[in-house]
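Take a look at the structure below.
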Amino acid sequence: MDVNDITITSFTVRDLRWPTSLENIGTDPMNLAGENSFGYLQYKTNIHELLGTGWSFANGQGNEILCTAIKSLAPRLVGRTLGSLVSNMGLTQRKLQSGQIRFMSPERGVLQLATCAVLNAIWDLWAKSQKKPLWRLITDFTPEEFVRIIDFHYLSDVITPKEALEMLAALEESKSQRLELALKNKAVPAYNTSAGWLGHSDDKIRELLSDAADRQRLSLVREVIGDEGILMVDVNQIWDVDYAIEYMKNLADMNIWFIEEPTSPDDILGHAKIRKALKPYGIGVATGEHINNRVMFKQLLQAEATDAVQLDACRLASVNEILAVLLMAAKFGVPVVPHSGGAGMVELCSHISTIDFVVVSGKKSILEYTDHLHEVFEAPAACTPDGYHVTPTVPGYSSDVKESEFGEFECPNGSFWKSEKGLQMLGDPWRGTPGEQTS
């Protein structure tokens, strides 16, 4: 279908929240009551039933703010042809992030999440119009087409369009071999993090947050997976830098690949200090799920602060900015291990990791797989019996949620959120705060 014949005519934004905290899904030391939530955007077009779906992720309370931010940006693209937007996606991204509204949070915060949702919808629409899953749309690009997607603003001191072209061209000859592996579901190995989620009372969590308790649990996991199994641990932002170093030294004999987000996600030099201190003990550092833009990833890599780039598909400015991060990670030789520990994250990241393998790094990495809420998607993610992510086959960005979900979980009028328990949760201003939550 010719993209110049497709015009965006209108849009809808809906607040979709699943009460995942009731089953302790996604709980950890920082998020004691997480409701997996979407600011869910759909662009309608002049072509009957051709929709572009894009969403960004939230944690329950505050999703209404995300929806408002999406509503502030989405009108900018109404009346535009798809062709006018995708002919230079790097420029489309920059324009979407410009204007008076940029003052509120320039390429960070809730406006970055909203930008992600809007651009995700355009990518979904583009892939559907070409009847390809997103990963295949992008891996079919020439290196020149690939580079034109990216806004290299602020990155030229680390990577230039010319250098990116040379990197991509160098992998072209062997690309068909990796493409064949992707089509056989052999591109992206999976690992599971659900075993690390907490489902305990506040007192139990305090009891578990000790060296002895961690050692006991890690020993149990190591016993189950054996000496050859890959073991990672996640702190989720709660430690100071020096404490993280001393704590992890005491677990060096557990053969841990990396400690994830050991301190504030904004503290790039802190992560660098932790990584340098733990390297002699064979423990790496991973971070990135709360990093909001390509500039912070640039600094993270320049500072040699991470052993794994854990980008989040809904924190950055959609596929455009993700591809820039993939290129930088490949240049620095750091594997990309996307964060995908929430509803829909595996669906999106299975595209991203496949793109990285086939055309950017040319190397297999791993991708998180959490087994919840896949059934709510029209094109659900899945794993093979031998532990690989199933490569997406349905046209689009695997973003469409089944309409039946909205009747129960759209906020505030879905049946769950109008129930006694739902109203109690929505009425709690301290939802998720230890010692303050009343619901």
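Letters A, B, ... mark the chains of the structure tokens in the order given; residue numbers begin at 1 per chain; ligand numbers begin at 1, in order shown.
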For stretch 382-388 of chain A: contacts at 10 Å, only C-alpha atoms, fewer than 6 positions along chain excluded, given as a PDB file with C-alpha atoms, in the first residue's frame:
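Final output, around_36.pdb:
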```
ATOM      1  CA  LYS A 184      13.305 -20.069  12.398  1.00  0.00           C
ATOM      2  CA  ASN A 185      12.770 -18.525  15.874  1.00  0.00           C
ATOM      3  CA  LYS A 186      16.468 -18.841  16.676  1.00  0.00           C
ATOM      4  CA  ALA A 187      17.427 -15.170  16.955  1.00  0.00           C
ATOM      5  CA  VAL A 188      16.631 -14.112  20.529  1.00  0.00           C
ATOM      6  CA  PRO A 189      17.275 -16.369  23.565  1.00  0.00           C
ATOM      7  CA  ALA A 190      14.956 -15.767  26.542  1.00  0.00           C
ATOM      8  CA  TYR A 191      15.502 -15.474  30.277  1.00  0.00           C
ATOM      9  CA  ASN A 192      12.951 -15.170  33.063  1.00  0.00           C
ATOM     10  CA  VAL A 346       7.928  -8.567  25.562  1.00  0.00           C
ATOM     11  CA  GLU A 347       5.660  -7.953  22.568  1.00  0.00           C
ATOM     12  CA  SER A 350      10.929  -9.032  20.612  1.00  0.00           C
ATOM     13  CA  ILE A 366      19.180 -12.289  25.552  1.00  0.00           C
ATOM     14  CA  LEU A 367      15.733 -10.841  26.213  1.00  0.00           C
ATOM     15  CA  TYR A 369      10.442 -12.954  29.250  1.00  0.00           C
ATOM     16  CA  THR A 370       7.728 -12.492  31.872  1.00  0.00           C
ATOM     17  CA  ASP A 371       4.684 -14.681  31.537  1.00  0.00           C
ATOM     18  CA  HIS A 374       0.177 -11.935  26.810  1.00  0.00           C
TER      19      HIS A 374
END
```
Inset, instruction - Write down as a PyMOL selection string the residues belonging to stretch 62-239 of chain A that are assigned strand (DSSP E) by DSSP computed on the backbone. - result: chain A and resi 190-192+232-234
Selection above as a file: C-alpha atoms, as a PDB file, in the first residue's frame:
```
ATOM      1  CA  ALA A 190      14.956 -15.767  26.542  1.00  0.00           C
ATOM      2  CA  TYR A 191      15.502 -15.474  30.277  1.00  0.00           C
ATOM      3  CA  ASN A 192      12.951 -15.170  33.063  1.00  0.00           C
ATOM      4  CA  MET A 232      21.403 -11.899  37.484  1.00  0.00           C
ATOM      5  CA  VAL A 233      19.994  -9.836  40.372  1.00  0.00           C
ATOM      6  CA  ASP A 234      17.975  -6.608  40.357  1.00  0.00           C
TER       7      ASP A 234
END
```
Inset, instruction - Kindly indicate which residue among A:Leu77, A:Ala277, A:Leu111, A:Ala127 lies nearest to A:Ser399, using only C-alpha atoms for the distances. - result: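 Of all the options, A:Ala127 lies closest to A:Ser399.
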Legend entry - A:Asp242 surroundings by only C-alpha atoms, 10 Å radius, close-in-sequence under 4 positions cut, as an MDAnalysis selection string: chainID A and resid 246:247 263 270 273:274 277
Legend entry - Spatial neighbours of A:Gly54, 6 Å, only C-alpha atoms, chain gap at least 4 places, as a ChimeraX atom specification: /A:41,117,120-121
Now that the selection is made, can you save its residues with N, CA, C and O atoms as a tab-separated table (two decimals), in the first residue's frame?
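This is the output file result17.tsv:
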```
chain	number	residue	atom	x	y	z
A	41	LEU	N	-3.07	4.91	22.57
A	41	LEU	CA	-3.43	5.79	21.46
A	41	LEU	C	-3.73	4.96	20.22
A	41	LEU	O	-3.00	4.02	19.90
A	117	ALA	N	4.55	7.02	22.64
A	117	ALA	CA	3.25	6.48	22.24
A	117	ALA	C	2.83	6.96	20.86
A	117	ALA	O	2.35	6.17	20.02
A	120	ASN	N	5.17	5.38	18.27
A	120	ASN	CA	4.85	3.95	18.19
A	120	ASN	C	3.65	3.70	17.29
A	120	ASN	O	3.61	2.73	16.52
A	121	ALA	N	2.66	4.58	17.40
A	121	ALA	CA	1.46	4.43	16.57
A	121	ALA	C	1.79	4.61	15.09
A	121	ALA	O	1.22	3.92	14.23
```
Closest-contact table, stretch 289-337 of chain A side, partner stretch 154-172 of chain A, 12 Å, counting only C-alpha atoms, as a tab-separated table:
```
residue	atom	partner	partner_atom	distance
A:Asn293	CA	A:Tyr154	CA	10.7
A:Arg294	CA	A:Leu155	CA	8.0
A:Val295	CA	A:Tyr154	CA	6.7
A:Met296	CA	A:Leu155	CA	10.4
A:Phe297	CA	A:Leu155	CA	10.1
A:Lys298	CA	A:Leu155	CA	7.3
A:Gln299	CA	A:Val158	CA	9.5
A:Leu300	CA	A:Val158	CA	11.8
A:Leu301	CA	A:Val158	CA	9.7
A:Gln302	CA	A:Val158	CA	8.4
A:Glu321	CA	A:Leu155	CA	11.1
A:Leu323	CA	A:Ala164	CA	10.6
A:Ala324	CA	A:Leu155	CA	8.7
A:Val325	CA	A:Leu155	CA	9.9
A:Leu326	CA	A:Ala164	CA	10.5
A:Leu327	CA	A:Ala164	CA	7.0
A:Met328	CA	A:Ile159	CA	6.9
A:Ala329	CA	A:Ile159	CA	10.5
A:Ala330	CA	A:Met167	CA	8.8
A:Lys331	CA	A:Met167	CA	8.2
A:Phe332	CA	A:Val158	CA	9.7
```
Inset, instruction - For A:Asp312, list every protein, DNA or RNA residue within 8 Å, evaluated using only C-alpha atoms, and leave out those in the same chain fewer than 5 positions away; present the list as an MDAnalysis selection string. - result: chainID A and resid 288:291 338:340
Expected file contents, prior selection, N, CA and C atoms, as a short mmCIF file (atom, residue, chain, number, x, y, z; two decimals), in the first residue's frame:
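part.cif was written with the following content:
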```cif
data_model
loop_
_atom_site.label_atom_id
_atom_site.label_comp_id
_atom_site.auth_asym_id
_atom_site.auth_seq_id
_atom_site.Cartn_x
_atom_site.Cartn_y
_atom_site.Cartn_z
N GLY A 288 19.44 0.90 32.57
CA GLY A 288 18.87 1.54 31.39
C GLY A 288 17.36 1.60 31.33
N GLU A 289 16.65 0.81 32.15
CA GLU A 289 15.20 0.77 31.98
C GLU A 289 14.53 2.09 32.34
N HIS A 290 15.19 2.94 33.13
CA HIS A 290 14.61 4.24 33.47
C HIS A 290 15.33 5.39 32.78
N ILE A 291 16.20 5.08 31.84
CA ILE A 291 16.89 6.14 31.10
C ILE A 291 15.99 6.62 29.97
N PRO A 338 17.21 -5.66 26.52
CA PRO A 338 16.10 -4.76 26.83
C PRO A 338 15.33 -5.16 28.08
N HIS A 339 14.85 -4.14 28.77
CA HIS A 339 13.93 -4.37 29.88
C HIS A 339 12.55 -4.69 29.32
N SER A 340 11.99 -5.81 29.71
CA SER A 340 10.65 -6.15 29.21
C SER A 340 9.82 -6.82 30.30
#
```
Inset, instruction - Could you give me, as a PyMOL selection string, the residues within 9 Å of A:Thr354, counting only C-alpha atoms and dropping anything in the same chain fewer than 6 positions from it? - result: chain A and resi 135-136+139+179+182+187-188+364+391
What does the file look like for those residues with N, CA, C and O atoms, as a PDB file, in the first residue's frame?
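Saved result, result17.pdb, follows:
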```pdb
ATOM      1  N   TRP A 135       9.797  -5.553  12.867  1.00  0.00           N
ATOM      2  CA  TRP A 135      11.210  -5.926  12.759  1.00  0.00           C
ATOM      3  C   TRP A 135      11.591  -6.191  11.300  1.00  0.00           C
ATOM      4  O   TRP A 135      12.700  -5.851  10.882  1.00  0.00           O
ATOM      5  N   ARG A 136      10.652  -6.777  10.530  1.00  0.00           N
ATOM      6  CA  ARG A 136      10.972  -7.094   9.143  1.00  0.00           C
ATOM      7  C   ARG A 136      10.947  -5.824   8.283  1.00  0.00           C
ATOM      8  O   ARG A 136      11.764  -5.678   7.356  1.00  0.00           O
ATOM      9  N   THR A 139      14.430  -4.361   9.068  1.00  0.00           N
ATOM     10  CA  THR A 139      15.577  -5.141   8.587  1.00  0.00           C
ATOM     11  C   THR A 139      15.611  -5.210   7.059  1.00  0.00           C
ATOM     12  O   THR A 139      16.655  -5.533   6.481  1.00  0.00           O
ATOM     13  N   LEU A 179      18.980 -13.436   9.222  1.00  0.00           N
ATOM     14  CA  LEU A 179      17.561 -13.363   8.890  1.00  0.00           C
ATOM     15  C   LEU A 179      16.948 -14.758   8.880  1.00  0.00           C
ATOM     16  O   LEU A 179      15.826 -14.963   9.379  1.00  0.00           O
ATOM     17  N   ALA A 182      16.268 -15.780  12.377  1.00  0.00           N
ATOM     18  CA  ALA A 182      15.091 -15.085  12.905  1.00  0.00           C
ATOM     19  C   ALA A 182      13.811 -15.755  12.430  1.00  0.00           C
ATOM     20  O   ALA A 182      12.859 -15.947  13.206  1.00  0.00           O
ATOM     21  N   ALA A 187      16.676 -16.428  16.918  1.00  0.00           N
ATOM     22  CA  ALA A 187      17.427 -15.170  16.955  1.00  0.00           C
ATOM     23  C   ALA A 187      17.626 -14.633  18.361  1.00  0.00           C
ATOM     24  O   ALA A 187      18.669 -14.049  18.665  1.00  0.00           O
ATOM     25  N   VAL A 188      16.624 -14.810  19.239  1.00  0.00           N
ATOM     26  CA  VAL A 188      16.631 -14.112  20.529  1.00  0.00           C
ATOM     27  C   VAL A 188      16.395 -15.091  21.676  1.00  0.00           C
ATOM     28  O   VAL A 188      15.251 -15.485  21.953  1.00  0.00           O
ATOM     29  N   LYS A 364      23.997 -12.422  18.985  1.00  0.00           N
ATOM     30  CA  LYS A 364      22.898 -12.819  19.856  1.00  0.00           C
ATOM     31  C   LYS A 364      23.107 -12.238  21.248  1.00  0.00           C
ATOM     32  O   LYS A 364      24.209 -12.262  21.790  1.00  0.00           O
ATOM     33  N   THR A 391       9.732 -15.209  16.926  1.00  0.00           N
ATOM     34  CA  THR A 391       9.855 -13.997  16.118  1.00  0.00           C
ATOM     35  C   THR A 391       8.471 -13.556  15.631  1.00  0.00           C
ATOM     36  O   THR A 391       7.723 -14.366  15.082  1.00  0.00           O
TER      37      THR A 391
END
```
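Between atom CA of A:Leu311 and atom CA of A:Ala286 there is a distance of 10.1 Å.
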Inset, instruction - For A:Ile70, work out the shell of residues within 8 Å, counting only C-alpha atoms and skipping chain neighbours fewer than 3 positions away, then give it as a VMD selection string. - result: chain A and resid 13 39 41 66 to 67 73 to 74 111 114 to 115 117 to 118
Legend entry - Secondary structure check, alpha helix (DSSP H) residues of stretch 274-358 of chain A, as JSON, numbers by chain: {"A": [274, 275, 276, 277, 278, 294, 295, 296, 297, 298, 299, 300, 301, 302, 318, 319, 320, 321, 322, 323, 324, 325, 326, 327, 328, 329, 330, 331, 332, 345, 346, 347, 348, 349, 350, 351, 352, 353, 354, 355]}
Preceding selection exported with C-alpha atoms as a PDB file, in the first residue's frame:
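What ended up in out.pdb:
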```
ATOM      1  CA  ILE A 274      30.173   0.481  41.038  1.00  0.00           C
ATOM      2  CA  ARG A 275      31.160  -1.276  37.818  1.00  0.00           C
ATOM      3  CA  LYS A 276      34.849  -0.497  38.300  1.00  0.00           C
ATOM      4  CA  ALA A 277      34.782  -1.674  41.916  1.00  0.00           C
ATOM      5  CA  LEU A 278      32.938  -4.932  41.198  1.00  0.00           C
ATOM      6  CA  ARG A 294      19.793   8.729  23.797  1.00  0.00           C
ATOM      7  CA  VAL A 295      22.046  11.369  25.389  1.00  0.00           C
ATOM      8  CA  MET A 296      22.042   9.606  28.751  1.00  0.00           C
ATOM      9  CA  PHE A 297      22.805   6.317  27.029  1.00  0.00           C
ATOM     10  CA  LYS A 298      25.660   8.052  25.207  1.00  0.00           C
ATOM     11  CA  GLN A 299      27.110   9.181  28.537  1.00  0.00           C
ATOM     12  CA  LEU A 300      26.558   5.773  30.122  1.00  0.00           C
ATOM     13  CA  LEU A 301      28.605   4.149  27.379  1.00  0.00           C
ATOM     14  CA  GLN A 302      31.259   6.865  27.341  1.00  0.00           C
ATOM     15  CA  SER A 318      10.026   5.144  20.115  1.00  0.00           C
ATOM     16  CA  VAL A 319      11.866   3.059  17.533  1.00  0.00           C
ATOM     17  CA  ASN A 320      13.717   6.088  16.150  1.00  0.00           C
ATOM     18  CA  GLU A 321      15.677   6.701  19.326  1.00  0.00           C
ATOM     19  CA  ILE A 322      15.984   3.008  20.168  1.00  0.00           C
ATOM     20  CA  LEU A 323      17.831   2.424  16.893  1.00  0.00           C
ATOM     21  CA  ALA A 324      20.279   5.194  17.805  1.00  0.00           C
ATOM     22  CA  VAL A 325      20.979   3.472  21.115  1.00  0.00           C
ATOM     23  CA  LEU A 326      21.431   0.112  19.384  1.00  0.00           C
ATOM     24  CA  LEU A 327      24.055   1.657  17.115  1.00  0.00           C
ATOM     25  CA  MET A 328      25.952   3.243  20.003  1.00  0.00           C
ATOM     26  CA  ALA A 329      25.876   0.017  21.996  1.00  0.00           C
ATOM     27  CA  ALA A 330      27.221  -1.891  18.992  1.00  0.00           C
ATOM     28  CA  LYS A 331      30.036   0.625  18.552  1.00  0.00           C
ATOM     29  CA  PHE A 332      31.057   0.290  22.213  1.00  0.00           C
ATOM     30  CA  MET A 345       7.022  -5.138  26.904  1.00  0.00           C
ATOM     31  CA  VAL A 346       7.928  -8.567  25.562  1.00  0.00           C
ATOM     32  CA  GLU A 347       5.660  -7.953  22.568  1.00  0.00           C
ATOM     33  CA  LEU A 348       7.546  -4.759  21.656  1.00  0.00           C
ATOM     34  CA  CYS A 349      11.048  -5.824  22.621  1.00  0.00           C
ATOM     35  CA  SER A 350      10.929  -9.032  20.612  1.00  0.00           C
ATOM     36  CA  HIS A 351      10.977  -6.732  17.569  1.00  0.00           C
ATOM     37  CA  ILE A 352      13.817  -4.609  18.972  1.00  0.00           C
ATOM     38  CA  SER A 353      16.088  -7.525  19.859  1.00  0.00           C
ATOM     39  CA  THR A 354      15.502  -9.135  16.464  1.00  0.00           C
ATOM     40  CA  ILE A 355      16.454  -5.891  14.698  1.00  0.00           C
TER      41      ILE A 355
END
```
Legend entry - Among listed residues A:Ser219, A:Ser105, A:Asn31, A:Ser10, nearest A:Lys71 (using only C-alpha atoms):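 That would be A:Ser10, the residue with the smallest distance to A:Lys71.
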Inset, instruction - Find the residue from A:Thr53, A:Gln42, A:Ser415, A:Thr7 that sits nearest to A:Ser398; use only C-alpha atoms when measuring. - result: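 Using only C-alpha atoms, the shortest distance to A:Ser398 belongs to A:Thr53.
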Legend entry - Nearest-residue call for A:Val394, choices A:Ala303, A:Ala69, A:Met254, A:Leu137, using only C-alpha atoms: A:Leu137
